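For reference, input_34.tsv is printed below; it contains TSV, C-alpha atoms.
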```
chain	number	residue	atom	x	y	z
A	220	MET	CA	-3.62	-39.84	1.01
A	221	ARG	CA	-3.28	-36.15	0.08
A	222	THR	CA	-0.18	-35.38	-1.97
A	223	PRO	CA	2.21	-33.05	-0.10
A	224	ALA	CA	2.20	-29.49	-1.42
A	225	VAL	CA	5.04	-28.56	-3.76
A	226	LEU	CA	7.14	-25.76	-2.31
A	227	ARG	CA	7.73	-23.10	-4.97
A	228	HIS	CA	9.99	-20.08	-4.84
A	229	TYR	CA	8.85	-16.83	-6.44
A	230	SER	CA	11.53	-14.22	-7.08
A	231	ALA	CA	10.90	-10.50	-7.39
A	232	SER	CA	10.75	-10.83	-11.18
A	233	ASP	CA	8.23	-13.70	-10.85
A	234	VAL	CA	6.00	-11.51	-8.67
A	235	GLU	CA	6.22	-8.57	-11.06
A	236	ALA	CA	5.42	-10.74	-14.08
A	237	ALA	CA	2.52	-12.69	-12.56
A	238	LEU	CA	0.61	-10.13	-10.50
A	239	ASP	CA	-0.83	-7.76	-13.09
A	240	TYR	CA	-2.79	-4.97	-11.45
A	241	PRO	CA	-6.29	-5.61	-12.83
A	242	ARG	CA	-6.33	-9.19	-11.48
A	243	LEU	CA	-4.57	-8.28	-8.24
A	244	ILE	CA	-7.00	-5.44	-7.52
A	245	GLU	CA	-9.92	-7.80	-8.08
A	246	ALA	CA	-8.34	-10.40	-5.78
A	247	LEU	CA	-7.90	-7.85	-3.00
A	248	GLY	CA	-11.45	-6.59	-3.49
A	249	GLU	CA	-12.82	-10.12	-3.17
A	250	ALA	CA	-10.73	-10.77	-0.05
A	251	PHE	CA	-12.06	-7.64	1.65
A	252	ARG	CA	-15.65	-8.34	0.53
A	253	ARG	CA	-15.53	-11.81	2.07
A	254	GLY	CA	-14.48	-10.33	5.38
A	255	GLY	CA	-14.13	-13.14	7.88
A	256	GLU	CA	-12.42	-13.10	11.24
A	257	ALA	CA	-10.24	-10.20	12.27
A	258	MET	CA	-6.55	-10.65	11.57
A	259	PRO	CA	-3.84	-9.72	14.10
A	260	VAL	CA	-2.23	-6.30	13.84
A	261	ARG	CA	1.42	-6.36	12.80
A	262	GLN	CA	3.70	-7.35	15.69
A	263	SER	CA	7.18	-5.92	16.21
A	264	TYR	CA	9.99	-7.42	18.29
A	265	GLU	CA	13.26	-5.71	19.23
A	266	VAL	CA	16.02	-8.17	18.28
A	267	GLY	CA	19.17	-6.05	17.97
A	268	LEU	CA	22.42	-5.89	19.89
A	269	ALA	CA	23.11	-3.28	22.57
A	270	GLY	CA	23.23	0.13	20.94
A	271	GLN	CA	22.03	-1.29	17.63
A	272	PRO	CA	18.23	-1.48	17.79
A	273	SER	CA	16.82	-3.84	15.16
A	274	HIS	CA	13.37	-5.31	14.68
A	275	LEU	CA	11.57	-8.40	13.50
A	276	LEU	CA	7.99	-7.81	12.31
A	277	THR	CA	5.39	-10.50	11.72
A	278	MET	CA	2.16	-10.22	9.71
A	279	PRO	CA	0.06	-13.43	9.73
A	280	ALA	CA	-3.28	-14.02	8.00
A	281	TRP	CA	-5.41	-17.04	7.18
A	282	GLU	CA	-8.56	-18.24	5.48
A	283	ARG	CA	-9.52	-21.42	7.30
A	284	GLY	CA	-9.30	-24.55	5.20
A	285	LYS	CA	-7.84	-22.69	2.21
A	286	ALA	CA	-4.62	-20.85	2.90
A	287	LEU	CA	-2.54	-19.23	5.59
A	288	GLY	CA	0.64	-17.24	5.47
A	289	VAL	CA	2.97	-14.92	7.28
A	290	LYS	CA	5.23	-12.11	6.16
A	291	LEU	CA	8.50	-11.84	8.05
A	292	VAL	CA	10.25	-8.47	7.92
A	293	THR	CA	13.53	-7.42	9.47
A	294	ALA	CA	14.64	-3.83	9.98
A	295	PHE	CA	18.37	-3.47	10.67
A	296	PRO	CA	19.24	0.25	10.23
A	297	GLN	CA	22.97	-0.38	10.79
A	298	ASN	CA	23.12	-2.34	7.52
A	299	ALA	CA	23.91	0.88	5.67
A	300	SER	CA	27.47	0.69	7.04
A	301	ARG	CA	27.72	-2.81	5.55
A	302	GLY	CA	26.46	-1.79	2.14
A	303	LEU	CA	23.20	-3.67	2.71
A	304	GLY	CA	19.58	-2.57	2.68
A	305	ALA	CA	17.97	-1.89	6.04
A	306	ILE	CA	14.75	-3.80	5.27
A	307	SER	CA	14.50	-7.45	4.27
A	308	SER	CA	11.36	-9.57	3.98
A	309	ILE	CA	10.00	-12.91	2.84
A	310	TYR	CA	6.48	-14.31	2.62
A	311	VAL	CA	5.68	-17.92	3.47
A	312	LEU	CA	2.41	-19.38	2.15
A	313	PHE	CA	0.96	-22.60	3.60
A	314	ASP	CA	-1.84	-24.92	2.54
A	315	GLY	CA	-4.86	-24.14	4.69
A	316	GLU	CA	-6.00	-27.76	4.91
A	317	THR	CA	-2.72	-29.55	5.64
A	318	GLY	CA	-0.42	-26.79	6.89
A	319	GLN	CA	2.19	-27.83	4.32
A	320	PRO	CA	4.33	-24.98	2.95
A	321	ARG	CA	3.36	-24.02	-0.61
A	322	ALA	CA	5.48	-21.03	-1.53
A	323	LEU	CA	8.32	-18.74	-0.54
A	324	VAL	CA	7.83	-15.28	-2.03
A	325	ASP	CA	10.09	-12.24	-2.30
A	326	GLY	CA	8.56	-10.07	0.42
A	327	GLU	CA	9.50	-6.65	-0.92
A	328	ALA	CA	8.09	-7.27	-4.39
A	329	LEU	CA	4.89	-8.71	-2.92
A	330	THR	CA	4.51	-5.73	-0.57
A	331	ASN	CA	5.11	-3.16	-3.30
A	332	ARG	CA	2.46	-4.60	-5.59
A	333	ARG	CA	-0.23	-5.35	-3.02
A	334	THR	CA	0.25	-1.89	-1.44
A	335	ALA	CA	-0.23	-0.15	-4.79
A	336	ALA	CA	-3.17	-2.42	-5.62
A	337	ALA	CA	-4.88	-1.57	-2.30
A	338	SER	CA	-4.57	2.13	-3.11
A	339	ALA	CA	-6.09	1.54	-6.54
A	340	LEU	CA	-8.90	-0.50	-4.98
A	341	ALA	CA	-9.73	2.41	-2.68
A	342	SER	CA	-9.46	4.86	-5.57
A	343	ARG	CA	-12.13	2.91	-7.45
A	344	TYR	CA	-14.60	4.02	-4.76
A	345	LEU	CA	-13.13	7.36	-3.72
A	346	SER	CA	-11.57	9.21	-6.67
A	347	ARG	CA	-13.52	10.89	-9.45
A	348	PRO	CA	-13.99	8.56	-12.45
A	349	ASP	CA	-12.49	11.20	-14.76
A	350	SER	CA	-9.24	11.55	-12.75
A	351	ARG	CA	-6.36	11.92	-15.19
A	352	THR	CA	-3.53	13.67	-13.29
A	353	LEU	CA	-1.69	11.87	-10.50
A	354	LEU	CA	0.77	13.58	-8.20
A	355	LEU	CA	3.36	11.29	-6.60
A	356	VAL	CA	4.89	12.53	-3.36
A	357	GLY	CA	7.92	10.32	-2.88
A	358	THR	CA	10.34	8.54	-5.21
A	359	GLY	CA	10.94	5.15	-3.59
A	360	HIS	CA	10.04	1.60	-4.62
A	361	VAL	CA	6.38	1.79	-3.58
A	362	ALA	CA	5.92	5.18	-5.26
A	363	ALA	CA	7.20	3.72	-8.53
A	364	HIS	CA	4.37	1.15	-8.53
A	365	LEU	CA	1.51	3.52	-7.80
A	366	PRO	CA	0.93	5.07	-11.26
A	367	ALA	CA	0.41	1.70	-12.99
A	368	ALA	CA	-1.93	0.56	-10.23
A	369	HIS	CA	-4.01	3.73	-10.35
A	370	ARG	CA	-4.11	3.56	-14.15
A	371	ALA	CA	-5.82	0.18	-13.83
A	372	VAL	CA	-8.93	1.89	-12.40
A	373	ARG	CA	-8.72	5.49	-13.67
A	374	PRO	CA	-7.61	7.08	-16.98
A	375	ILE	CA	-4.31	8.36	-15.57
A	376	ASP	CA	-2.07	9.74	-18.28
A	377	LYS	CA	-0.15	12.55	-16.54
A	378	VAL	CA	2.08	12.00	-13.52
A	379	LEU	CA	3.75	14.78	-11.54
A	380	ILE	CA	6.59	13.68	-9.24
A	381	TRP	CA	7.80	15.52	-6.15
A	382	GLY	CA	10.65	14.26	-3.98
A	383	ARG	CA	13.22	15.61	-1.57
A	384	HIS	CA	15.96	14.58	-4.03
A	385	PRO	CA	15.29	16.10	-7.49
A	386	GLN	CA	17.60	13.61	-9.24
A	387	ARG	CA	15.52	10.70	-7.98
A	388	ALA	CA	12.35	12.42	-9.18
A	389	LEU	CA	13.95	12.89	-12.59
A	390	ALA	CA	14.99	9.23	-12.76
A	391	LEU	CA	11.51	8.05	-11.77
A	392	ALA	CA	9.97	10.33	-14.40
A	393	GLY	CA	12.12	8.63	-17.03
A	394	ALA	CA	11.06	5.17	-15.90
A	395	LEU	CA	7.38	6.15	-15.93
A	396	ALA	CA	7.74	7.73	-19.37
A	397	ARG	CA	8.86	4.32	-20.63
A	398	GLN	CA	5.56	2.94	-19.29
A	399	GLY	CA	3.63	5.42	-21.42
A	400	PHE	CA	2.98	8.17	-18.87
A	401	ASP	CA	3.47	11.88	-19.43
A	402	ALA	CA	5.72	12.11	-16.36
A	403	THR	CA	7.26	15.34	-15.07
A	404	PRO	CA	9.35	16.07	-11.95
A	405	VAL	CA	8.18	19.13	-10.01
A	406	THR	CA	9.71	21.25	-7.27
A	407	ASP	CA	6.72	23.40	-6.25
A	408	LEU	CA	4.53	21.02	-4.23
A	409	PRO	CA	1.62	23.44	-3.53
A	410	ALA	CA	1.39	24.29	-7.24
A	411	ALA	CA	1.39	20.58	-8.13
A	412	LEU	CA	-1.36	19.90	-5.59
A	413	ALA	CA	-3.51	22.49	-7.35
A	414	GLN	CA	-3.26	20.46	-10.59
A	415	ALA	CA	-3.72	16.94	-9.23
A	416	ASP	CA	-6.87	14.82	-9.33
A	417	ILE	CA	-5.24	12.12	-7.20
A	418	VAL	CA	-2.36	12.72	-4.77
A	419	SER	CA	-0.49	9.59	-3.74
A	420	CYS	CA	2.10	9.86	-0.97
A	421	ALA	CA	4.64	7.11	-0.23
A	422	THR	CA	7.25	8.49	2.15
A	423	THR	CA	8.61	7.98	5.66
A	424	SER	CA	8.17	11.64	6.55
A	425	ARG	CA	7.78	12.69	10.18
A	426	GLU	CA	6.44	16.11	9.21
A	427	PRO	CA	3.36	16.95	7.09
A	428	LEU	CA	4.09	17.35	3.40
A	429	VAL	CA	0.55	17.79	2.03
A	430	MET	CA	-1.26	20.78	3.51
A	431	GLY	CA	-5.03	20.82	3.50
A	432	ARG	CA	-5.13	24.42	2.37
A	433	ASP	CA	-3.51	23.42	-0.94
A	434	LEU	CA	-5.97	20.65	-1.87
A	435	LYS	CA	-8.43	21.56	-4.59
A	436	PRO	CA	-12.08	20.45	-4.40
A	437	GLY	CA	-12.59	16.97	-5.80
A	438	THR	CA	-9.10	15.69	-4.95
A	439	HIS	CA	-8.53	12.16	-3.73
A	440	LEU	CA	-5.62	11.95	-1.26
A	441	ASP	CA	-3.96	8.52	-1.04
A	442	LEU	CA	-1.63	8.24	1.98
A	443	VAL	CA	0.49	5.10	1.60
A	444	GLY	CA	3.62	5.86	3.63
A	445	ALA	CA	3.96	7.05	7.25
A	446	PHE	CA	3.26	3.61	8.74
A	447	THR	CA	4.14	4.38	12.39
A	448	PRO	CA	2.55	6.72	14.97
A	449	GLN	CA	5.61	8.99	14.73
A	450	MET	CA	5.26	9.56	10.96
A	451	ARG	CA	2.81	11.64	8.99
A	452	GLU	CA	2.37	12.95	5.44
A	453	SER	CA	-0.64	15.29	5.86
A	454	ASP	CA	-1.59	18.06	8.25
A	455	ASP	CA	-4.66	18.40	10.46
A	456	GLU	CA	-6.45	20.59	7.92
A	457	ALA	CA	-6.20	17.88	5.27
A	458	LEU	CA	-8.13	15.53	7.55
A	459	ALA	CA	-10.63	18.22	8.54
A	460	ARG	CA	-11.44	18.97	4.88
A	461	SER	CA	-11.76	15.31	3.86
A	462	ARG	CA	-14.04	12.32	4.16
A	463	VAL	CA	-11.54	9.85	5.62
A	464	PHE	CA	-11.31	6.11	4.88
A	465	VAL	CA	-8.80	3.46	6.02
A	466	ASP	CA	-7.65	0.01	4.93
A	467	THR	CA	-8.57	-1.50	8.33
A	468	TYR	CA	-9.74	0.22	11.50
A	469	ALA	CA	-7.47	-1.86	13.75
A	470	GLY	CA	-4.31	-1.19	11.75
A	471	ALA	CA	-4.93	2.50	11.10
A	472	LEU	CA	-5.83	3.28	14.71
A	473	ALA	CA	-2.77	1.43	15.97
A	474	GLU	CA	-0.13	2.73	13.55
A	475	ALA	CA	-1.21	5.67	11.36
A	476	GLY	CA	0.46	8.84	12.59
A	477	ASP	CA	-1.64	10.87	10.13
A	478	LEU	CA	-4.65	9.95	12.26
A	479	LEU	CA	-3.17	9.29	15.71
A	480	GLN	CA	-1.33	12.60	16.05
A	481	PRO	CA	-4.40	14.82	15.43
A	482	ILE	CA	-6.47	12.49	17.64
A	483	LYS	CA	-3.94	12.91	20.46
A	484	SER	CA	-3.93	16.71	20.09
A	485	GLY	CA	-7.74	16.83	20.09
A	486	ARG	CA	-7.92	18.25	16.57
A	487	TRP	CA	-9.68	15.22	15.10
A	488	GLN	CA	-11.64	12.17	16.28
A	489	ALA	CA	-11.55	8.51	15.30
A	490	ASP	CA	-15.32	8.39	14.86
A	491	ALA	CA	-14.88	10.71	11.86
A	492	ILE	CA	-13.59	7.73	9.82
A	493	CYS	CA	-16.20	7.10	7.12
A	494	GLY	CA	-15.36	3.46	6.37
A	495	ASP	CA	-12.73	0.83	5.64
A	496	LEU	CA	-12.03	-1.36	2.61
A	497	GLN	CA	-14.30	-4.14	3.82
A	498	GLU	CA	-17.22	-1.71	4.12
A	499	LEU	CA	-16.45	-0.04	0.80
A	500	THR	CA	-16.12	-3.27	-1.19
A	501	GLY	CA	-19.14	-4.84	0.51
A	502	GLY	CA	-21.35	-1.78	-0.02
A	503	ALA	CA	-21.94	-1.20	3.70
A	504	LYS	CA	-20.53	2.34	3.45
A	505	PRO	CA	-20.67	4.72	0.47
A	506	GLY	CA	-17.53	6.04	-1.18
A	507	ARG	CA	-17.38	9.40	-2.96
A	508	LEU	CA	-20.67	11.27	-2.65
A	509	THR	CA	-20.07	14.44	-4.69
A	510	GLU	CA	-17.73	15.70	-7.40
A	511	ASP	CA	-16.33	18.45	-5.19
A	512	GLU	CA	-15.64	16.64	-1.94
A	513	ILE	CA	-12.10	15.76	-0.90
A	514	THR	CA	-11.57	12.11	-0.03
A	515	LEU	CA	-8.64	10.67	1.94
A	516	PHE	CA	-7.52	7.04	2.13
A	517	LYS	CA	-4.99	6.07	4.79
A	518	SER	CA	-3.34	2.65	4.57
A	519	VAL	CA	-0.74	1.07	6.81
A	520	GLY	CA	-0.88	-2.37	5.21
A	521	ALA	CA	-3.08	-5.36	6.05
A	522	ALA	CA	-1.96	-8.96	6.25
A	523	ILE	CA	-5.05	-10.10	4.33
A	524	GLU	CA	-3.63	-8.23	1.31
A	525	ASP	CA	-0.42	-10.28	1.44
A	526	LEU	CA	-2.41	-13.51	1.70
A	527	ALA	CA	-4.67	-12.63	-1.22
A	528	ALA	CA	-1.69	-11.65	-3.39
A	529	ALA	CA	0.34	-14.73	-2.48
A	530	THR	CA	-2.61	-17.05	-3.06
A	531	LEU	CA	-3.16	-15.53	-6.50
A	532	LEU	CA	0.55	-15.85	-7.22
A	533	ALA	CA	0.68	-19.51	-6.16
A	534	GLY	CA	-1.76	-20.32	-8.94
A	535	GLU	CA	0.78	-19.09	-11.47
A	536	PRO	CA	3.74	-21.21	-12.69
A	537	THR	CA	7.25	-19.87	-12.27
A	538	PRO	CA	9.30	-19.41	-15.48
A	539	GLU	CA	11.28	-22.55	-14.55
A	540	MET	CA	8.05	-24.57	-14.31
A	541	ALA	CA	6.81	-23.19	-17.61
A	542	ARG	CA	10.08	-24.14	-19.33
A	543	ALA	CA	9.98	-27.61	-17.81
A	544	ALA	CA	6.45	-28.13	-19.11
A	545	SER	CA	7.31	-27.02	-22.64
```

What is this structure when it is put down as structure tokens?
Amino acid sequence: MRTPAVLRHYSASDVEAALDYPRLIEALGEAFRRGGEAMPVRQSYEVGLAGQPSHLLTMPAWERGKALGVKLVTAFPQNASRGLGAISSIYVLFDGETGQPRALVDGEALTNRRTAAASALASRYLSRPDSRTLLLVGTGHVAAHLPAAHRAVRPIDKVLIWGRHPQRALALAGALARQGFDATPVTDLPAALAQADIVSCATTSREPLVMGRDLKPGTHLDLVGAFTPQMRESDDEALARSRVFVDTYAGALAEAGDLLQPIKSGRWQADAICGDLQELTGGAKPGRLTEDEITLFKSVGAAIEDLAAATLLAGEPTPEMARAAS
């Protein structure tokens, strides 16, 4: 008889300690290379009270016979009045052979790391190998993870940080300096774009922040935020000047406002997408072709990334387990 799976709990600190970027990037790359059956696009359900719209989001993924999991996310905007965060999430990992639960994982920490790792995975194929200067547009939790992830695949040593709130940019610069980066807050976004080799955006903006006219030849534009059709971080010219790639076709064409808004206006077409992460990692589509071209990667998040990260994590002991074994 098969022994029931042991249910482990991984806190945010467990996730941060166990999922180093080099191994996580490789795990995501292998998951995309394997391909397999298409996973469902994120589902959203309205679950709030009258006059207080709130949402439950589900992101399931599976690899038959090995593992399956689902991320559960709640968005309750009214929590601000209660002194609580608007977004909460948890990931549940199950054994793929028995269906027994294996792990409960802090959803925000898992999302932050796998999102940054997916950007770095794309950068491996799309940015110039000599990219050294990264411009962060945004100062939130995901933005804070992006420099370390990109440094795992490119020799990033200088980070410029632009945000709507200068004090947050200054605080993030201090945190990145403690990680060994030459980190500087900036207020002139067009001037910073002219210096950057990689531009990584992680915001919830509903208006374009990065203008195509300001991108220098050879730039790689990494669009991580703007995960609904109503949001966008780049303008139409940025798409027109770029070779465009996505994490998954289904997700990007259902949720990415950076693509859907110019498609709706007739300024851009979906068939201009040059490839997704499965095609890049599997070699079916080429990445960067020349030193001077501008590349653009748009991600909205894929459930297969959560599954790959959680599966990798479940092979690591928690600190409590390590102490018990010692």

Long-range neighbours of A:Leu287 as a ChimeraX atom specification, 8 Å cut-off, only C-alpha atoms, 3 positions minimum in chain:
/A:279-283,312-315,318,526

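Nearest residue to A:Thr334, choosing from A:Gly359, A:Pro385, A:Gly494, A:Gly520 and counting only C-alpha atoms: A:Gly520.
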
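Across the structure, atom CA of A:Thr403 and atom CA of A:Val372 are spaced 21.2 Å apart.
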
Quick one: residues within 7 Å of A:Asp454, all atoms listed in the file counted, chain neighbours fewer than 5 positions away excluded, as a PyMOL selection string?
chain A and resi 427+429-431

Residues at most 6 Å from A:Ala415, counting only C-alpha atoms, excluding those fewer than 2 positions away in the same chain, as an NGL selection string?
:A and (352-354 or 412-413 or 417)

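Here the selection is built from only C-alpha atoms, and the residues within 10 Å of (3.8, 3.0, 15.6) turn out to be Ser263, Ala445, Phe446, Thr447, Pro448, Gln449, Met450, Gly470, Ala471, Leu472, Ala473, Glu474, Ala475, Gly476 and Leu479 of chain A.
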
Write a file of the selected residues as a compact mmCIF listing (two decimals), in the frame of the given file, keeping C-alpha atoms.
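Once everything was written out, this is out22.txt:
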```
# COMPACT_ATOMS: atom_id res chain seq x y z
CA SER A 263 7.18 -5.92 16.21
CA ALA A 445 3.96 7.05 7.25
CA PHE A 446 3.26 3.61 8.74
CA THR A 447 4.14 4.38 12.39
CA PRO A 448 2.55 6.72 14.97
CA GLN A 449 5.61 8.99 14.73
CA MET A 450 5.26 9.56 10.96
CA GLY A 470 -4.31 -1.19 11.75
CA ALA A 471 -4.93 2.50 11.10
CA LEU A 472 -5.83 3.28 14.71
CA ALA A 473 -2.77 1.43 15.97
CA GLU A 474 -0.13 2.73 13.55
CA ALA A 475 -1.21 5.67 11.36
CA GLY A 476 0.46 8.84 12.59
CA LEU A 479 -3.17 9.29 15.71
```

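Distance annotation: of A:Ile523, A:Ile482, A:Val378, A:Ile513, the residue with the minimal separation from A:Asp455 is A:Ile482; atom set is all atoms listed in the file.
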
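Relative to atom CA of A:Glu245, atom CA of A:Gly393 is found at 28.9 Å.
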
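For the choices A:Asp349, A:Asp466, A:Asp233, A:Asp477, the atom-to-atom distance to A:Gly444 is smallest for A:Asp477 when using all atoms listed in the file.
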
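Atom to atom, atom CA of A:Ala392 and atom CA of A:Asp525 stand 28.0 Å apart.
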
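The closest residue to A:Val324, picked from A:Thr530, A:Ala457, A:Ala269, A:Gln480 and counting all atoms listed in the file, is A:Thr530.
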
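In terms of minimum interatomic distance to A:Leu247, A:Ala341 ranks closest within A:Thr438, A:Leu408, A:Phe516, A:Ala341, counting all atoms listed in the file.
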
Could you write out as JSON the box around stretch 313-323 of chain A (axis-aligned, all atoms listed in the file, 5 Å on each side), with centre and edge lengths in Å to one decimal?
```
{"center_x": 1.2, "center_y": -24.1, "center_z": 2.7, "size_x": 24.3, "size_y": 20.8, "size_z": 18.4}
```

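Of the residues listed (A:Gly357, A:Gly501, A:Pro436, A:Pro348), A:Pro348 shows the shortest atom-to-atom separation from A:Pro374; distances use all atoms listed in the file.
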
List as a PyMOL selection string the protein and nucleic acid residues near A:Ser461, meaning an atom at most 12 Å away when all atoms listed in the file are counted, but skip any in the same chain fewer than 4 places from it.
chain A and resi 345+430-432+434-441+453-457+487+491-493+507-509+511-517

Expected answer as a VMD selection string: all residues with atoms within 12 Å of (6.9, -9.7, 13.6), all atoms listed in the file:
chain A and resid 259 to 266 273 to 279 289 to 294 308 to 310 522

Would you pick out the contacts of A:Tyr229 at 9 Å or less, using all atoms listed in the file, so that residues sharing its chain but fewer than 6 positions from it are not included, and give the list as a PyMOL selection string?
chain A and resi 322-325+532-533+537
